[in-house]
Amino acid sequence: MEIIWLGHACFALESGGSRVVLDPYTMDTYPPLHTHGDAALCSHGHADHNYTAAVELSGREAAAFSVEKVSTFHDEEGGALRGYNTMHILRAEGLTVVHCGDLGHFPTPEQLGAISGADAMLIPVGGYYTIDAAMAKRVCDAAKPRVIVPMHYRHGHYGLRPVGEVDAFLKLYPNAQVHYLTGNRFTLTDAAPEGVVVPIYVENSAD
């Protein structure tokens, strides 16, 4: 399975000829997003996560993937501040990927049971609008994904200004467990090394 970071909380997952785009965005601090896929999934209704106009849909089904949804909240007040958030669990090739969207709280036991043991978890770490680095580490320690991909953080002139940078999260892991990529994609297999994978944002990349 290919996992491609398109910036902010937006990823494309590819498997078996199918491509799913998660949380496409429009926002001032990233170049306009233009990408393609067989399906677009959105965690909630904010423009930096649900701008489906940025995704050219093929008209085909993303047949290689099965999708499960887990309802959570965008804040620690039961949704009173920012509403609901949906975590998406995608499965293909015997692999499981969890996209946490704008998770704003520590999951309940039932929610945690649904997302535990994934091959990869795409999790927000920037705080302010979502869980912060320390809470993201707590979630990962509890859910025990094999591969962790941080998202929804500020880097350079990209990202939401109030949120933190990724370094606060990475410092919570031994250096040997942090894998820096030279591009915005990697191949997830059942033999992929455990740890934190940090893709590099590639400006104006549709892939």
# chains A, B, ... in the order shown; residues from 1 in each chain; ligands from 1
call {"tool": "residues_around", "arguments": {"residues": "His36 of chain A", "least_positions_apart": "2", "cutoff": "8 Å", "atoms": "only C-alpha atoms", "output": "number ranges by chain"}}
result
A: 19, 21, 34, 38, 54-58, 206
call {"tool": "select_by_dssp", "arguments": {"residues": "segment 23-200 of chain A", "states": "strand (DSSP E)", "output": "ChimeraX atom specification"}}
result
/A:35-37,39-41,55-57,66-73,84-92,95-99,120-124,147-151,178-180,185-187,195-198
call {"tool": "select_by_dssp", "arguments": {"residues": "segment 55-180 of chain A", "states": "helix (DSSP H, G or I)", "output": "list in words"}}
result
Pro109, Glu110, Gln111, Leu112, Gly113, Ala114, Ile115, Ala133, Ala134, Met135, Ala136, Lys137, Arg138, Val139, Cys140, Asp141, Ala142, Ala143, Asp167, Ala168, Phe169, Leu170, Asn175, Ala176 and Gln177 of chain A
call {"tool": "atom_distance", "arguments": {"atom1": "atom CA of Ile4 of chain A", "atom2": "atom CA of Thr35 of chain A"}}
result
11.3 Å
call {"tool": "residues_around", "arguments": {"residues": "segment 83-93 of chain A", "least_positions_apart": "3", "cutoff": "7 Å", "atoms": "only C-alpha atoms", "output": "PyMOL selection string"}}
result
chain A and resi 15+43-44+64-74+79-80+96-103
call {"tool": "write_last_selection", "arguments": {"atoms": "C-alpha atoms", "output": "tab-separated table (two decimals), in the first residue's frame"}}
result
chain	number	residue	atom	x	y	z
A	15	SER	CA	-3.70	-0.14	-3.34
A	43	SER	CA	-13.25	13.74	8.88
A	44	HIS	CA	-15.46	16.81	9.46
A	64	ALA	CA	-9.54	-2.37	-3.12
A	65	PHE	CA	-10.37	-0.65	0.17
A	66	SER	CA	-12.86	-1.32	2.92
A	67	VAL	CA	-13.68	1.66	5.12
A	68	GLU	CA	-14.89	1.80	8.71
A	69	LYS	CA	-15.84	5.03	10.50
A	70	VAL	CA	-15.41	5.81	14.19
A	71	SER	CA	-17.24	8.87	15.52
A	72	THR	CA	-15.23	11.04	17.92
A	73	PHE	CA	-15.09	14.74	18.88
A	74	HIS	CA	-13.06	17.68	17.62
A	79	GLY	CA	-18.08	18.47	20.60
A	80	ALA	CA	-19.37	21.64	22.28
A	96	THR	CA	-4.97	-1.43	8.29
A	97	VAL	CA	-4.48	2.34	8.28
A	98	VAL	CA	-6.20	4.71	10.71
A	99	HIS	CA	-6.63	8.38	9.77
A	100	CYS	CA	-7.52	10.27	12.96
A	101	GLY	CA	-8.77	13.47	11.33
A	102	ASP	CA	-8.95	16.33	13.84
A	103	LEU	CA	-9.14	14.14	16.92
call {"tool": "closest_residue", "arguments": {"among": "A:Leu188, A:Ile3, A:Phe11, A:Ile200", "to": "Gly156 of chain A", "atoms": "only C-alpha atoms"}}
result
A:Ile200
call {"tool": "closest_residue", "arguments": {"among": "A:Ala40, A:Asp28, A:Asp75, A:Tyr153", "to": "Leu170 of chain A", "atoms": "only C-alpha atoms"}}
result
A:Tyr153
call {"tool": "residues_around", "arguments": {"residues": "Val202 of chain A", "least_positions_apart": "6", "cutoff": "10 Å", "atoms": "only C-alpha atoms", "output": "PyMOL selection string"}}
result
chain A and resi 5-7+182-185
call {"tool": "closest_residue", "arguments": {"among": "A:Pro174, A:Ile148, A:Glu76, A:Leu95", "to": "Tyr128 of chain A", "atoms": "only C-alpha atoms"}}
result
A:Glu76
call {"tool": "closest_residue", "arguments": {"among": "A:Met151, A:Cys10, A:Val197, A:Ala191", "to": "Ile131 of chain A", "atoms": "only C-alpha atoms"}}
result
A:Met151
call {"tool": "atom_distance", "arguments": {"atom1": "atom CA of Pro32 of chain A", "atom2": "atom CA of His46 of chain A"}}
result
15.9 Å
call {"tool": "decode", "arguments": {"residues": "segment 95-129 of chain A", "atoms": "N, CA and C atoms", "output": "JSON list (two decimals), in the first residue's frame"}}
result
[["chain", "number", "residue", "atom", "x", "y", "z"],
["A", 95, "LEU", "N", -3.64, -5.00, 5.31],
["A", 95, "LEU", "CA", -3.08, -3.92, 6.11],
["A", 95, "LEU", "C", -4.20, -2.99, 6.58],
["A", 96, "THR", "N", -3.99, -2.35, 7.72],
["A", 96, "THR", "CA", -4.97, -1.43, 8.29],
["A", 96, "THR", "C", -4.32, -0.08, 8.55],
["A", 97, "VAL", "N", -4.95, 0.97, 8.06],
["A", 97, "VAL", "CA", -4.48, 2.34, 8.28],
["A", 97, "VAL", "C", -5.59, 3.14, 8.94],
["A", 98, "VAL", "N", -5.25, 3.85, 10.00],
["A", 98, "VAL", "CA", -6.20, 4.71, 10.71],
["A", 98, "VAL", "C", -5.83, 6.17, 10.43],
["A", 99, "HIS", "N", -6.80, 6.94, 9.92],
["A", 99, "HIS", "CA", -6.63, 8.38, 9.77],
["A", 99, "HIS", "C", -7.49, 9.03, 10.86],
["A", 100, "CYS", "N", -6.83, 9.76, 11.77],
["A", 100, "CYS", "CA", -7.52, 10.27, 12.96],
["A", 100, "CYS", "C", -8.27, 11.56, 12.73],
["A", 101, "GLY", "N", -8.11, 12.20, 11.55],
["A", 101, "GLY", "CA", -8.77, 13.47, 11.33],
["A", 101, "GLY", "C", -8.33, 14.50, 12.37],
["A", 102, "ASP", "N", -9.25, 15.33, 12.82],
["A", 102, "ASP", "CA", -8.95, 16.33, 13.84],
["A", 102, "ASP", "C", -9.37, 15.82, 15.22],
["A", 103, "LEU", "N", -8.84, 14.69, 15.60],
["A", 103, "LEU", "CA", -9.14, 14.14, 16.92],
["A", 103, "LEU", "C", -8.79, 15.16, 17.99],
["A", 104, "GLY", "N", -9.73, 15.41, 18.91],
["A", 104, "GLY", "CA", -9.52, 16.45, 19.91],
["A", 104, "GLY", "C", -9.49, 15.97, 21.33],
["A", 105, "HIS", "N", -9.43, 14.65, 21.55],
["A", 105, "HIS", "CA", -9.49, 14.12, 22.92],
["A", 105, "HIS", "C", -8.90, 12.73, 22.94],
["A", 106, "PHE", "N", -8.64, 12.23, 24.13],
["A", 106, "PHE", "CA", -8.19, 10.84, 24.26],
["A", 106, "PHE", "C", -9.39, 9.93, 23.97],
["A", 107, "PRO", "N", -9.22, 8.91, 23.14],
["A", 107, "PRO", "CA", -10.37, 8.06, 22.77],
["A", 107, "PRO", "C", -10.95, 7.30, 23.96],
["A", 108, "THR", "N", -12.24, 7.02, 23.87],
["A", 108, "THR", "CA", -12.90, 6.17, 24.85],
["A", 108, "THR", "C", -12.39, 4.74, 24.67],
["A", 109, "PRO", "N", -12.64, 3.86, 25.63],
["A", 109, "PRO", "CA", -12.23, 2.46, 25.46],
["A", 109, "PRO", "C", -12.79, 1.83, 24.18],
["A", 110, "GLU", "N", -14.04, 2.15, 23.85],
["A", 110, "GLU", "CA", -14.64, 1.58, 22.64],
["A", 110, "GLU", "C", -13.95, 2.11, 21.38],
["A", 111, "GLN", "N", -13.68, 3.41, 21.36],
["A", 111, "GLN", "CA", -12.98, 4.00, 20.22],
["A", 111, "GLN", "C", -11.57, 3.46, 20.10],
["A", 112, "LEU", "N", -10.92, 3.34, 21.24],
["A", 112, "LEU", "CA", -9.55, 2.82, 21.26],
["A", 112, "LEU", "C", -9.52, 1.38, 20.77],
["A", 113, "GLY", "N", -10.51, 0.59, 21.15],
["A", 113, "GLY", "CA", -10.57, -0.79, 20.68],
["A", 113, "GLY", "C", -10.70, -0.88, 19.18],
["A", 114, "ALA", "N", -11.41, 0.06, 18.57],
["A", 114, "ALA", "CA", -11.60, 0.04, 17.12],
["A", 114, "ALA", "C", -10.34, 0.36, 16.36],
["A", 115, "ILE", "N", -9.47, 1.21, 16.93],
["A", 115, "ILE", "CA", -8.30, 1.68, 16.18],
["A", 115, "ILE", "C", -7.01, 0.99, 16.59],
["A", 116, "SER", "N", -7.05, 0.15, 17.59],
["A", 116, "SER", "CA", -5.82, -0.44, 18.12],
["A", 116, "SER", "C", -5.22, -1.47, 17.17],
["A", 117, "GLY", "N", -3.90, -1.55, 17.20],
["A", 117, "GLY", "CA", -3.19, -2.57, 16.44],
["A", 117, "GLY", "C", -3.09, -2.33, 14.95],
["A", 118, "ALA", "N", -3.29, -1.09, 14.52],
["A", 118, "ALA", "CA", -3.21, -0.79, 13.09],
["A", 118, "ALA", "C", -1.77, -0.89, 12.59],
["A", 119, "ASP", "N", -1.64, -1.12, 11.30],
["A", 119, "ASP", "CA", -0.30, -1.11, 10.70],
["A", 119, "ASP", "C", 0.25, 0.31, 10.62],
["A", 120, "ALA", "N", -0.63, 1.29, 10.44],
["A", 120, "ALA", "CA", -0.20, 2.69, 10.42],
["A", 120, "ALA", "C", -1.30, 3.58, 10.97],
["A", 121, "MET", "N", -0.89, 4.60, 11.69],
["A", 121, "MET", "CA", -1.82, 5.60, 12.20],
["A", 121, "MET", "C", -1.35, 6.98, 11.77],
["A", 122, "LEU", "N", -2.25, 7.74, 11.14],
["A", 122, "LEU", "CA", -2.00, 9.10, 10.72],
["A", 122, "LEU", "C", -2.66, 9.99, 11.76],
["A", 123, "ILE", "N", -1.86, 10.72, 12.54],
["A", 123, "ILE", "CA", -2.39, 11.33, 13.75],
["A", 123, "ILE", "C", -1.96, 12.80, 13.87],
["A", 124, "PRO", "N", -2.91, 13.69, 14.27],
["A", 124, "PRO", "CA", -2.54, 15.09, 14.45],
["A", 124, "PRO", "C", -1.68, 15.27, 15.69],
["A", 125, "VAL", "N", -0.72, 16.20, 15.61],
["A", 125, "VAL", "CA", 0.21, 16.39, 16.73],
["A", 125, "VAL", "C", 0.40, 17.86, 17.09],
["A", 126, "GLY", "N", -0.22, 18.79, 16.35],
["A", 126, "GLY", "CA", 0.09, 20.20, 16.49],
["A", 126, "GLY", "C", -0.60, 20.93, 17.61],
["A", 127, "GLY", "N", -1.66, 20.33, 18.19],
["A", 127, "GLY", "CA", -2.37, 20.99, 19.27],
["A", 127, "GLY", "C", -3.23, 22.14, 18.81],
["A", 128, "TYR", "N", -3.76, 22.89, 19.74],
["A", 128, "TYR", "CA", -4.62, 24.06, 19.57],
["A", 128, "TYR", "C", -6.00, 23.64, 19.05],
["A", 129, "TYR", "N", -6.09, 23.15, 17.81],
["A", 129, "TYR", "CA", -7.35, 22.68, 17.26],
["A", 129, "TYR", "C", -7.55, 21.18, 17.47]]
